[in-house]
$ cat model.pdb   # PDB, C-alpha atoms
ATOM      1  CA  MET A  18      68.510-176.483  50.474  1.00  0.00           C
ATOM      2  CA  THR A  19      69.836-173.865  52.887  1.00  0.00           C
ATOM      3  CA  LEU A  20      68.853-171.321  50.235  1.00  0.00           C
ATOM      4  CA  LEU A  21      65.267-172.587  50.396  1.00  0.00           C
ATOM      5  CA  PHE A  22      65.279-172.212  54.185  1.00  0.00           C
ATOM      6  CA  MET A  23      66.568-168.650  53.769  1.00  0.00           C
ATOM      7  CA  LEU A  24      63.703-168.045  51.333  1.00  0.00           C
ATOM      8  CA  PHE A  25      61.241-169.340  53.963  1.00  0.00           C
ATOM      9  CA  ILE A  26      62.685-167.019  56.593  1.00  0.00           C
ATOM     10  CA  VAL A  27      62.586-164.014  54.246  1.00  0.00           C
ATOM     11  CA  ALA A  28      58.955-164.773  53.304  1.00  0.00           C
ATOM     12  CA  ALA A  29      57.999-165.033  56.984  1.00  0.00           C
ATOM     13  CA  GLY A  30      59.830-161.765  57.599  1.00  0.00           C
ATOM     14  CA  LEU A  31      57.814-160.120  54.828  1.00  0.00           C
ATOM     15  CA  VAL A  32      54.614-161.231  56.560  1.00  0.00           C
ATOM     16  CA  THR A  33      55.684-159.515  59.781  1.00  0.00           C
ATOM     17  CA  VAL A  34      55.522-156.115  58.034  1.00  0.00           C
ATOM     18  CA  PRO A  35      51.701-155.964  57.648  1.00  0.00           C
ATOM     19  CA  GLY A  36      51.349-157.639  61.042  1.00  0.00           C
ATOM     20  CA  LEU A  37      53.437-154.967  62.750  1.00  0.00           C
ATOM     21  CA  HIS A  38      51.653-152.281  60.739  1.00  0.00           C
ATOM     22  CA  ARG A  39      48.274-153.488  62.022  1.00  0.00           C
ATOM     23  CA  LEU A  40      49.662-153.872  65.545  1.00  0.00           C
ATOM     24  CA  LEU A  41      51.028-150.317  65.643  1.00  0.00           C
ATOM     25  CA  VAL A  42      48.623-148.187  63.595  1.00  0.00           C
ATOM     26  CA  GLY A  43      45.469-150.353  63.366  1.00  0.00           C
ATOM     27  CA  PRO A  44      42.559-147.951  63.805  1.00  0.00           C
ATOM     28  CA  THR A  45      40.576-150.100  66.265  1.00  0.00           C
ATOM     29  CA  LEU A  46      41.661-152.363  69.113  1.00  0.00           C
ATOM     30  CA  ALA A  47      40.470-155.446  67.188  1.00  0.00           C
ATOM     31  CA  ASP A  48      42.866-154.529  64.365  1.00  0.00           C
ATOM     32  CA  ARG A  49      45.767-154.606  66.778  1.00  0.00           C
ATOM     33  CA  VAL A  50      44.757-158.065  67.990  1.00  0.00           C
ATOM     34  CA  ILE A  51      44.538-159.222  64.357  1.00  0.00           C
ATOM     35  CA  GLY A  52      48.094-158.003  63.824  1.00  0.00           C
ATOM     36  CA  LEU A  53      49.174-159.913  66.936  1.00  0.00           C
ATOM     37  CA  ASP A  54      47.465-163.048  65.581  1.00  0.00           C
ATOM     38  CA  LEU A  55      49.363-162.741  62.315  1.00  0.00           C
ATOM     39  CA  LEU A  56      52.631-162.322  64.217  1.00  0.00           C
ATOM     40  CA  PHE A  57      51.856-165.490  66.208  1.00  0.00           C
ATOM     41  CA  ALA A  58      51.286-167.355  62.927  1.00  0.00           C
ATOM     42  CA  VAL A  59      54.669-166.118  61.675  1.00  0.00           C
ATOM     43  CA  ALA A  60      56.280-167.212  64.950  1.00  0.00           C
ATOM     44  CA  ILE A  61      54.843-170.734  64.572  1.00  0.00           C
ATOM     45  CA  VAL A  62      56.084-170.942  60.959  1.00  0.00           C
ATOM     46  CA  LEU A  63      59.536-169.745  62.043  1.00  0.00           C
ATOM     47  CA  SER A  64      59.777-172.249  64.877  1.00  0.00           C
ATOM     48  CA  LEU A  65      58.813-175.074  62.499  1.00  0.00           C
ATOM     49  CA  THR A  66      61.553-173.812  60.177  1.00  0.00           C
ATOM     50  CA  ALA A  67      63.985-173.800  63.099  1.00  0.00           C
ATOM     51  CA  ALA A  68      63.010-177.401  63.851  1.00  0.00           C
ATOM     52  CA  LEU A  69      63.747-178.366  60.233  1.00  0.00           C
ATOM     53  CA  LEU A  70      67.037-176.461  60.185  1.00  0.00           C
ATOM     54  CA  SER A  71      68.364-177.906  63.445  1.00  0.00           C
ATOM     55  CA  GLN A  72      66.673-181.326  63.076  1.00  0.00           C
ATOM     56  CA  ARG A  73      65.461-181.102  66.662  1.00  0.00           C
ATOM     57  CA  THR A  74      61.916-181.794  67.796  1.00  0.00           C
ATOM     58  CA  VAL A  75      62.197-179.335  70.700  1.00  0.00           C
ATOM     59  CA  PHE A  76      61.109-176.500  68.414  1.00  0.00           C
ATOM     60  CA  LEU A  77      57.900-178.373  67.606  1.00  0.00           C
ATOM     61  CA  ASP A  78      57.030-178.216  71.302  1.00  0.00           C
ATOM     62  CA  VAL A  79      57.790-174.492  71.128  1.00  0.00           C
ATOM     63  CA  ALA A  80      55.328-174.221  68.227  1.00  0.00           C
ATOM     64  CA  ILE A  81      52.640-176.036  70.263  1.00  0.00           C
ATOM     65  CA  GLY A  82      53.247-173.672  73.170  1.00  0.00           C
ATOM     66  CA  LEU A  83      53.020-170.664  70.871  1.00  0.00           C
ATOM     67  CA  ALA A  84      49.684-171.905  69.495  1.00  0.00           C
ATOM     68  CA  VAL A  85      48.221-172.273  72.999  1.00  0.00           C
ATOM     69  CA  VAL A  86      49.577-168.916  74.197  1.00  0.00           C
ATOM     70  CA  GLY A  87      48.238-167.176  71.077  1.00  0.00           C
ATOM     71  CA  PHE A  88      44.801-168.696  71.671  1.00  0.00           C
ATOM     72  CA  VAL A  89      44.664-167.547  75.292  1.00  0.00           C
ATOM     73  CA  ALA A  90      46.015-164.087  74.381  1.00  0.00           C
ATOM     74  CA  THR A  91      43.402-163.574  71.661  1.00  0.00           C
ATOM     75  CA  LEU A  92      40.609-164.702  73.994  1.00  0.00           C
ATOM     76  CA  ALA A  93      41.777-162.337  76.728  1.00  0.00           C
ATOM     77  CA  TRP A  94      42.034-159.357  74.360  1.00  0.00           C
ATOM     78  CA  ALA A  95      38.631-160.147  72.850  1.00  0.00           C
ATOM     79  CA  ARG A  96      37.141-160.228  76.338  1.00  0.00           C
ATOM     80  CA  LEU A  97      38.758-156.879  77.157  1.00  0.00           C
ATOM     81  CA  ILE A  98      37.478-155.261  73.954  1.00  0.00           C
ATOM     82  CA  GLN A  99      33.988-156.596  74.608  1.00  0.00           C
ATOM     83  CA  LEU A 100      33.995-155.298  78.182  1.00  0.00           C
ATOM     84  CA  ARG A 101      35.115-151.891  76.933  1.00  0.00           C
ATOM     85  CA  ALA A 102      32.352-151.895  74.337  1.00  0.00           C
ATOM     86  CA  GLY A 103      29.806-152.481  77.086  1.00  0.00           C
ATOM     87  CA  GLY A 104      28.584-155.881  75.855  1.00  0.00           C
ATOM     88  CA  GLY A 105      30.146-157.831  78.672  1.00  0.00           C
ATOM     89  CA  SER A 106      27.211-159.994  79.710  1.00  0.00           C
ATOM     90  CA  GLU A 107      27.596-163.450  78.190  1.00  0.00           C
TER
ATOM     91  CA  MET B 269      59.843-187.988  46.541  1.00  0.00           C
ATOM     92  CA  SER B 270      58.313-187.005  49.862  1.00  0.00           C
ATOM     93  CA  ALA B 271      61.037-184.361  50.253  1.00  0.00           C
ATOM     94  CA  ILE B 272      60.080-182.627  46.980  1.00  0.00           C
ATOM     95  CA  LEU B 273      56.413-182.791  47.943  1.00  0.00           C
ATOM     96  CA  GLY B 274      57.276-181.363  51.359  1.00  0.00           C
ATOM     97  CA  TRP B 275      59.138-178.412  49.847  1.00  0.00           C
ATOM     98  CA  LEU B 276      56.225-177.730  47.493  1.00  0.00           C
ATOM     99  CA  VAL B 277      53.660-177.854  50.300  1.00  0.00           C
ATOM    100  CA  CYS B 278      55.791-175.587  52.518  1.00  0.00           C
ATOM    101  CA  GLY B 279      56.193-173.104  49.670  1.00  0.00           C
ATOM    102  CA  LEU B 280      52.450-173.127  49.018  1.00  0.00           C
ATOM    103  CA  ALA B 281      51.828-172.536  52.733  1.00  0.00           C
ATOM    104  CA  LEU B 282      54.118-169.502  52.742  1.00  0.00           C
ATOM    105  CA  LEU B 283      52.436-168.167  49.596  1.00  0.00           C
ATOM    106  CA  ILE B 284      49.048-168.427  51.321  1.00  0.00           C
ATOM    107  CA  LEU B 285      50.481-166.709  54.409  1.00  0.00           C
ATOM    108  CA  LEU B 286      51.734-163.858  52.198  1.00  0.00           C
ATOM    109  CA  ILE B 287      48.271-163.545  50.636  1.00  0.00           C
ATOM    110  CA  ALA B 288      46.769-163.437  54.144  1.00  0.00           C
ATOM    111  CA  ALA B 289      49.216-160.678  55.068  1.00  0.00           C
ATOM    112  CA  LEU B 290      48.208-158.767  51.932  1.00  0.00           C
ATOM    113  CA  GLY B 291      44.565-159.115  52.966  1.00  0.00           C
ATOM    114  CA  VAL B 292      45.329-157.852  56.474  1.00  0.00           C
ATOM    115  CA  PHE B 293      47.130-154.899  54.919  1.00  0.00           C
ATOM    116  CA  ARG B 294      44.591-153.952  52.245  1.00  0.00           C
ATOM    117  CA  LEU B 295      41.063-154.883  53.368  1.00  0.00           C
ATOM    118  CA  PRO B 296      38.883-151.983  54.523  1.00  0.00           C
ATOM    119  CA  ASP B 297      37.529-152.812  58.021  1.00  0.00           C
ATOM    120  CA  ALA B 298      38.342-154.918  61.079  1.00  0.00           C
ATOM    121  CA  LEU B 299      35.931-157.789  60.411  1.00  0.00           C
ATOM    122  CA  SER B 300      37.096-158.391  56.834  1.00  0.00           C
ATOM    123  CA  ARG B 301      40.726-158.115  57.948  1.00  0.00           C
ATOM    124  CA  GLN B 302      40.026-160.745  60.564  1.00  0.00           C
ATOM    125  CA  HIS B 303      38.424-162.971  57.952  1.00  0.00           C
ATOM    126  CA  ALA B 304      41.641-162.754  55.922  1.00  0.00           C
ATOM    127  CA  ALA B 305      43.912-163.333  58.904  1.00  0.00           C
ATOM    128  CA  THR B 306      42.077-166.253  60.491  1.00  0.00           C
ATOM    129  CA  LYS B 307      40.992-168.459  57.611  1.00  0.00           C
ATOM    130  CA  ALA B 308      44.040-168.051  55.400  1.00  0.00           C
ATOM    131  CA  ALA B 309      46.457-168.307  58.325  1.00  0.00           C
ATOM    132  CA  THR B 310      44.800-171.530  59.539  1.00  0.00           C
ATOM    133  CA  LEU B 311      45.147-173.083  56.084  1.00  0.00           C
ATOM    134  CA  SER B 312      48.708-171.854  55.816  1.00  0.00           C
ATOM    135  CA  LEU B 313      49.796-173.197  59.211  1.00  0.00           C
ATOM    136  CA  THR B 314      48.162-176.568  58.527  1.00  0.00           C
ATOM    137  CA  LEU B 315      49.889-176.847  55.163  1.00  0.00           C
ATOM    138  CA  PHE B 316      53.222-175.828  56.689  1.00  0.00           C
ATOM    139  CA  ALA B 317      52.851-178.507  59.386  1.00  0.00           C
ATOM    140  CA  LEU B 318      52.045-181.050  56.649  1.00  0.00           C
ATOM    141  CA  GLY B 319      55.104-179.961  54.693  1.00  0.00           C
ATOM    142  CA  THR B 320      57.300-180.187  57.787  1.00  0.00           C
ATOM    143  CA  GLY B 321      56.023-183.696  58.430  1.00  0.00           C
ATOM    144  CA  LEU B 322      56.760-184.695  54.838  1.00  0.00           C
ATOM    145  CA  LEU B 323      60.256-183.216  55.014  1.00  0.00           C
ATOM    146  CA  ALA B 324      61.127-184.827  58.362  1.00  0.00           C
ATOM    147  CA  TRP B 325      59.317-188.159  57.692  1.00  0.00           C
ATOM    148  CA  ASP B 326      59.599-189.407  61.261  1.00  0.00           C
ATOM    149  CA  TRP B 327      56.990-190.456  63.822  1.00  0.00           C
ATOM    150  CA  ALA B 328      58.540-188.295  66.563  1.00  0.00           C
ATOM    151  CA  TRP B 329      57.779-185.305  64.331  1.00  0.00           C
ATOM    152  CA  THR B 330      54.470-186.562  63.012  1.00  0.00           C
ATOM    153  CA  TRP B 331      52.624-186.873  66.303  1.00  0.00           C
ATOM    154  CA  ARG B 332      53.866-183.505  67.568  1.00  0.00           C
ATOM    155  CA  LEU B 333      52.689-181.903  64.342  1.00  0.00           C
ATOM    156  CA  LEU B 334      49.344-183.694  64.676  1.00  0.00           C
ATOM    157  CA  VAL B 335      48.967-182.275  68.200  1.00  0.00           C
ATOM    158  CA  LEU B 336      49.830-178.810  66.848  1.00  0.00           C
ATOM    159  CA  VAL B 337      47.262-179.036  64.057  1.00  0.00           C
ATOM    160  CA  MET B 338      44.580-180.324  66.438  1.00  0.00           C
ATOM    161  CA  ILE B 339      45.243-177.430  68.826  1.00  0.00           C
ATOM    162  CA  LEU B 340      45.103-174.966  65.929  1.00  0.00           C
ATOM    163  CA  PHE B 341      41.827-176.415  64.629  1.00  0.00           C
ATOM    164  CA  ALA B 342      40.285-176.250  68.095  1.00  0.00           C
ATOM    165  CA  ALA B 343      41.667-172.847  69.083  1.00  0.00           C
ATOM    166  CA  LEU B 344      41.600-170.599  66.002  1.00  0.00           C
ATOM    167  CA  PRO B 345      37.825-170.730  65.285  1.00  0.00           C
ATOM    168  CA  LEU B 346      37.053-170.109  68.966  1.00  0.00           C
ATOM    169  CA  ALA B 347      39.461-167.175  69.235  1.00  0.00           C
ATOM    170  CA  SER B 348      38.261-165.767  65.919  1.00  0.00           C
ATOM    171  CA  HIS B 349      34.634-166.003  67.004  1.00  0.00           C
ATOM    172  CA  ALA B 350      35.306-164.229  70.301  1.00  0.00           C
ATOM    173  CA  LEU B 351      37.317-161.500  68.603  1.00  0.00           C
ATOM    174  CA  GLY B 352      34.754-161.039  65.830  1.00  0.00           C
ATOM    175  CA  ARG B 353      31.945-160.677  68.355  1.00  0.00           C
ATOM    176  CA  ALA B 354      33.984-158.170  70.339  1.00  0.00           C
ATOM    177  CA  ALA B 355      34.814-156.186  67.178  1.00  0.00           C
ATOM    178  CA  ALA B 356      31.150-156.153  66.149  1.00  0.00           C
ATOM    179  CA  ASP B 357      30.093-154.949  69.617  1.00  0.00           C
ATOM    180  CA  ALA B 358      32.753-152.235  69.558  1.00  0.00           C
ATOM    181  CA  SER B 359      31.719-150.993  66.111  1.00  0.00           C
ATOM    182  CA  ASP B 360      28.052-150.998  67.202  1.00  0.00           C
ATOM    183  CA  ARG B 361      29.037-148.829  70.139  1.00  0.00           C
ATOM    184  CA  GLU B 362      30.900-146.411  67.871  1.00  0.00           C
ATOM    185  CA  LEU B 363      27.916-146.150  65.518  1.00  0.00           C
ATOM    186  CA  GLY B 364      25.647-145.543  68.504  1.00  0.00           C
ATOM    187  CA  ASP B 365      27.913-142.762  69.737  1.00  0.00           C
ATOM    188  CA  ASP B 366      27.940-141.058  66.361  1.00  0.00           C
ATOM    189  CA  GLN B 367      24.184-140.835  66.075  1.00  0.00           C
TER
END
$ encode --input "model.pdb" --output "structure tokens"
Amino acid sequence: MTLLFMLFIVAAGLVTVPGLHRLLVGPTLADRVIGLDLLFAVAIVLSLTAALLSQRTVFLDVAIGLAVVGFVATLAWARLIQLRAGGGSE
Amino acid sequence: MSAILGWLVCGLALLILLIAALGVFRLPDALSRQHAATKAATLSLTLFALGTGLLAWDWAWTWRLLVLVMILFAALPLASHALGRAAADASDRELGDDQ
């Protein structure tokens, strides 16, 4: 069972590689935000795994907080990209 | 029984997340990459929350996971729409500059 949790963590770690790649070298600004989104998804999966491993519900609240923060961050970056592109009137 | 089902659903969720990561890595432009990241990641996170609920099998976990899934369903399409519109505007601007 612990082996399965380790497998989960390794799989989530594998997902961070394309996410970091997009975040660091993504050709446009939107690509970097997509990489950040993927990293937030990995963070939510990892905190759910931490909740299962420690049998504590506190990490579920962490996952909820991460979801809200990721939403606000993506909205803010999208707004910034749109303002830079000159299409700011909405 | 619910434990085995929970492990299977969690494994499926991680498989879908890996496929989403592959799409983000391989697809050619920002909008298609975002399509891979948003839709597949939403499905994957929902399935992982379902699997966590099946593994824990407790109401204290279930309602927190329900709140998480409701937030994800409300937030991810909105964020994806805003980002997609911004990416489309930015690429329009680049095309306009090139011509």
$ interface_residues --input "model.pdb" --of "chain B" --to "chain A" --cutoff "6 Å" --atoms "all atoms listed in the file" --output "MDAnalysis selection string"
chainID B and resid 286 289 293 298 336 343 347 350:351 354:355 358
$ atom_distance --input "model.pdb" --atom1 "CA of Thr310 (chain B)" --atom2 "CA of Ala356 (chain B)"
21.6 Å
$ closest_residue --input "model.pdb" --among "B:Leu283, B:Ala324, B:Pro345, B:Gly352" --to "Ser71 (chain A)" --atoms "only C-alpha atoms"
B:Ala324
$ atom_distance --input "model.pdb" --atom1 "CA of Ala328 (chain B)" --atom2 "CA of Ser64 (chain A)"
16.2 Å
$ residues_near_point --input "model.pdb" --point "(57.3, -175.0, 54.3)" --cutoff "6 Å" --atoms "all atoms listed in the file" --output "PyMOL selection string"
chain B and resi 275+278-279+316+319
$ closest_residue --input "model.pdb" --among "B:Arg361, B:Trp325, B:Arg301, B:Lys307" --to "Met269 (chain B)" --atoms "all atoms listed in the file"
B:Trp325
$ closest_residue --input "model.pdb" --among "B:Val337, B:Gln302, B:Arg294, B:Ala317" --to "Leu282 (chain B)" --atoms "only C-alpha atoms"
B:Ala317
$ closest_residue --input "model.pdb" --among "B:Thr320, B:Ser300, B:Thr306, B:Thr330" --to "Ile272 (chain B)" --atoms "only C-alpha atoms"
B:Thr320
$ closest_residue --input "model.pdb" --among "B:Leu322, B:Trp329, B:Ala305, B:Leu280" --to "Phe76 (chain A)" --atoms "all atoms listed in the file"
B:Trp329
$ closest_residue --input "model.pdb" --among "B:Leu344, B:Leu334, B:Ser359, B:Ala271" --to "His303 (chain B)" --atoms "only C-alpha atoms"
B:Leu344
$ atom_distance --input "model.pdb" --atom1 "CA of Val335 (chain B)" --atom2 "CA of Val277 (chain B)"
19.0 Å
$ decode --input "model.pdb" --residues "region 321-358 of chain B" --atoms "N, CA and C atoms" --output "PDB file, in the first residue's frame"
ATOM      1  N   GLY B 321     -12.107   9.854  -1.916  1.00  0.00           N
ATOM      2  CA  GLY B 321     -13.312   9.632  -1.131  1.00  0.00           C
ATOM      3  C   GLY B 321     -13.612   8.153  -0.949  1.00  0.00           C
ATOM      4  N   LEU B 322     -13.388   7.369  -2.014  1.00  0.00           N
ATOM      5  CA  LEU B 322     -13.632   5.924  -1.903  1.00  0.00           C
ATOM      6  C   LEU B 322     -12.638   5.272  -0.948  1.00  0.00           C
ATOM      7  N   LEU B 323     -11.386   5.738  -0.989  1.00  0.00           N
ATOM      8  CA  LEU B 323     -10.373   5.144  -0.110  1.00  0.00           C
ATOM      9  C   LEU B 323     -10.626   5.502   1.354  1.00  0.00           C
ATOM     10  N   ALA B 324     -11.029   6.782   1.606  1.00  0.00           N
ATOM     11  CA  ALA B 324     -11.202   7.206   2.991  1.00  0.00           C
ATOM     12  C   ALA B 324     -12.545   6.716   3.543  1.00  0.00           C
ATOM     13  N   TRP B 325     -13.624   6.827   2.714  1.00  0.00           N
ATOM     14  CA  TRP B 325     -14.950   6.325   3.076  1.00  0.00           C
ATOM     15  C   TRP B 325     -15.416   6.913   4.400  1.00  0.00           C
ATOM     16  N   ASP B 326     -15.485   8.242   4.457  1.00  0.00           N
ATOM     17  CA  ASP B 326     -15.837   8.923   5.691  1.00  0.00           C
ATOM     18  C   ASP B 326     -16.482  10.249   5.309  1.00  0.00           C
ATOM     19  N   TRP B 327     -17.545  10.629   6.066  1.00  0.00           N
ATOM     20  CA  TRP B 327     -18.262  11.853   5.672  1.00  0.00           C
ATOM     21  C   TRP B 327     -17.392  13.081   5.836  1.00  0.00           C
ATOM     22  N   ALA B 328     -16.498  13.109   6.841  1.00  0.00           N
ATOM     23  CA  ALA B 328     -15.639  14.273   7.034  1.00  0.00           C
ATOM     24  C   ALA B 328     -14.778  14.505   5.801  1.00  0.00           C
ATOM     25  N   TRP B 329     -14.415  13.412   5.098  1.00  0.00           N
ATOM     26  CA  TRP B 329     -13.649  13.555   3.868  1.00  0.00           C
ATOM     27  C   TRP B 329     -14.567  13.883   2.709  1.00  0.00           C
ATOM     28  N   THR B 330     -15.742  13.229   2.697  1.00  0.00           N
ATOM     29  CA  THR B 330     -16.603  13.339   1.523  1.00  0.00           C
ATOM     30  C   THR B 330     -17.041  14.777   1.278  1.00  0.00           C
ATOM     31  N   TRP B 331     -17.459  15.489   2.333  1.00  0.00           N
ATOM     32  CA  TRP B 331     -17.991  16.825   2.029  1.00  0.00           C
ATOM     33  C   TRP B 331     -16.880  17.787   1.679  1.00  0.00           C
ATOM     34  N   ARG B 332     -15.680  17.596   2.249  1.00  0.00           N
ATOM     35  CA  ARG B 332     -14.559  18.458   1.827  1.00  0.00           C
ATOM     36  C   ARG B 332     -14.212  18.202   0.363  1.00  0.00           C
ATOM     37  N   LEU B 333     -14.230  16.926  -0.027  1.00  0.00           N
ATOM     38  CA  LEU B 333     -13.921  16.619  -1.425  1.00  0.00           C
ATOM     39  C   LEU B 333     -15.009  17.160  -2.350  1.00  0.00           C
ATOM     40  N   LEU B 334     -16.267  17.121  -1.885  1.00  0.00           N
ATOM     41  CA  LEU B 334     -17.348  17.686  -2.698  1.00  0.00           C
ATOM     42  C   LEU B 334     -17.150  19.189  -2.890  1.00  0.00           C
ATOM     43  N   VAL B 335     -16.754  19.878  -1.805  1.00  0.00           N
ATOM     44  CA  VAL B 335     -16.476  21.320  -1.921  1.00  0.00           C
ATOM     45  C   VAL B 335     -15.350  21.553  -2.920  1.00  0.00           C
ATOM     46  N   LEU B 336     -14.288  20.714  -2.828  1.00  0.00           N
ATOM     47  CA  LEU B 336     -13.154  20.866  -3.748  1.00  0.00           C
ATOM     48  C   LEU B 336     -13.599  20.690  -5.193  1.00  0.00           C
ATOM     49  N   VAL B 337     -14.398  19.648  -5.454  1.00  0.00           N
ATOM     50  CA  VAL B 337     -14.818  19.397  -6.832  1.00  0.00           C
ATOM     51  C   VAL B 337     -15.735  20.506  -7.327  1.00  0.00           C
ATOM     52  N   MET B 338     -16.610  21.031  -6.444  1.00  0.00           N
ATOM     53  CA  MET B 338     -17.475  22.128  -6.871  1.00  0.00           C
ATOM     54  C   MET B 338     -16.661  23.371  -7.206  1.00  0.00           C
ATOM     55  N   ILE B 339     -15.646  23.669  -6.379  1.00  0.00           N
ATOM     56  CA  ILE B 339     -14.783  24.817  -6.680  1.00  0.00           C
ATOM     57  C   ILE B 339     -14.064  24.610  -8.007  1.00  0.00           C
ATOM     58  N   LEU B 340     -13.560  23.383  -8.222  1.00  0.00           N
ATOM     59  CA  LEU B 340     -12.841  23.117  -9.475  1.00  0.00           C
ATOM     60  C   LEU B 340     -13.774  23.284 -10.669  1.00  0.00           C
ATOM     61  N   PHE B 341     -14.999  22.751 -10.560  1.00  0.00           N
ATOM     62  CA  PHE B 341     -15.930  22.846 -11.691  1.00  0.00           C
ATOM     63  C   PHE B 341     -16.343  24.279 -11.961  1.00  0.00           C
ATOM     64  N   ALA B 342     -16.401  25.114 -10.899  1.00  0.00           N
ATOM     65  CA  ALA B 342     -16.757  26.508 -11.124  1.00  0.00           C
ATOM     66  C   ALA B 342     -15.565  27.296 -11.642  1.00  0.00           C
ATOM     67  N   ALA B 343     -14.349  26.981 -11.143  1.00  0.00           N
ATOM     68  CA  ALA B 343     -13.209  27.856 -11.385  1.00  0.00           C
ATOM     69  C   ALA B 343     -12.486  27.523 -12.690  1.00  0.00           C
ATOM     70  N   LEU B 344     -12.267  26.241 -12.983  1.00  0.00           N
ATOM     71  CA  LEU B 344     -11.396  25.902 -14.113  1.00  0.00           C
ATOM     72  C   LEU B 344     -11.943  26.360 -15.458  1.00  0.00           C
ATOM     73  N   PRO B 345     -13.252  26.206 -15.767  1.00  0.00           N
ATOM     74  CA  PRO B 345     -13.725  26.735 -17.055  1.00  0.00           C
ATOM     75  C   PRO B 345     -13.584  28.245 -17.147  1.00  0.00           C
ATOM     76  N   LEU B 346     -13.861  28.956 -16.038  1.00  0.00           N
ATOM     77  CA  LEU B 346     -13.732  30.419 -16.072  1.00  0.00           C
ATOM     78  C   LEU B 346     -12.293  30.830 -16.329  1.00  0.00           C
ATOM     79  N   ALA B 347     -11.351  30.233 -15.573  1.00  0.00           N
ATOM     80  CA  ALA B 347      -9.945  30.593 -15.734  1.00  0.00           C
ATOM     81  C   ALA B 347      -9.466  30.235 -17.136  1.00  0.00           C
ATOM     82  N   SER B 348      -9.906  29.065 -17.619  1.00  0.00           N
ATOM     83  CA  SER B 348      -9.476  28.628 -18.948  1.00  0.00           C
ATOM     84  C   SER B 348     -10.008  29.553 -20.029  1.00  0.00           C
ATOM     85  N   HIS B 349     -11.255  30.016 -19.848  1.00  0.00           N
ATOM     86  CA  HIS B 349     -11.828  30.932 -20.833  1.00  0.00           C
ATOM     87  C   HIS B 349     -11.055  32.253 -20.866  1.00  0.00           C
ATOM     88  N   ALA B 350     -10.773  32.788 -19.666  1.00  0.00           N
ATOM     89  CA  ALA B 350     -10.044  34.063 -19.612  1.00  0.00           C
ATOM     90  C   ALA B 350      -8.667  33.920 -20.234  1.00  0.00           C
ATOM     91  N   LEU B 351      -7.984  32.815 -19.903  1.00  0.00           N
ATOM     92  CA  LEU B 351      -6.632  32.629 -20.433  1.00  0.00           C
ATOM     93  C   LEU B 351      -6.659  32.392 -21.941  1.00  0.00           C
ATOM     94  N   GLY B 352      -7.649  31.640 -22.414  1.00  0.00           N
ATOM     95  CA  GLY B 352      -7.740  31.384 -23.853  1.00  0.00           C
ATOM     96  C   GLY B 352      -7.994  32.661 -24.625  1.00  0.00           C
ATOM     97  N   ARG B 353      -8.881  33.525 -24.071  1.00  0.00           N
ATOM     98  CA  ARG B 353      -9.145  34.793 -24.746  1.00  0.00           C
ATOM     99  C   ARG B 353      -7.888  35.663 -24.769  1.00  0.00           C
ATOM    100  N   ALA B 354      -7.163  35.666 -23.639  1.00  0.00           N
ATOM    101  CA  ALA B 354      -5.945  36.470 -23.594  1.00  0.00           C
ATOM    102  C   ALA B 354      -4.914  35.938 -24.585  1.00  0.00           C
ATOM    103  N   ALA B 355      -4.789  34.585 -24.664  1.00  0.00           N
ATOM    104  CA  ALA B 355      -3.811  34.009 -25.598  1.00  0.00           C
ATOM    105  C   ALA B 355      -4.197  34.327 -27.030  1.00  0.00           C
ATOM    106  N   ALA B 356      -5.501  34.272 -27.340  1.00  0.00           N
ATOM    107  CA  ALA B 356      -5.939  34.580 -28.701  1.00  0.00           C
ATOM    108  C   ALA B 356      -5.658  36.042 -29.030  1.00  0.00           C
ATOM    109  N   ASP B 357      -5.940  36.952 -28.087  1.00  0.00           N
ATOM    110  CA  ASP B 357      -5.642  38.369 -28.320  1.00  0.00           C
ATOM    111  C   ASP B 357      -4.158  38.583 -28.547  1.00  0.00           C
ATOM    112  N   ALA B 358      -3.328  37.918 -27.730  1.00  0.00           N
ATOM    113  CA  ALA B 358      -1.879  38.094 -27.858  1.00  0.00           C
ATOM    114  C   ALA B 358      -1.397  37.581 -29.206  1.00  0.00           C
TER     115      ALA B 358
END
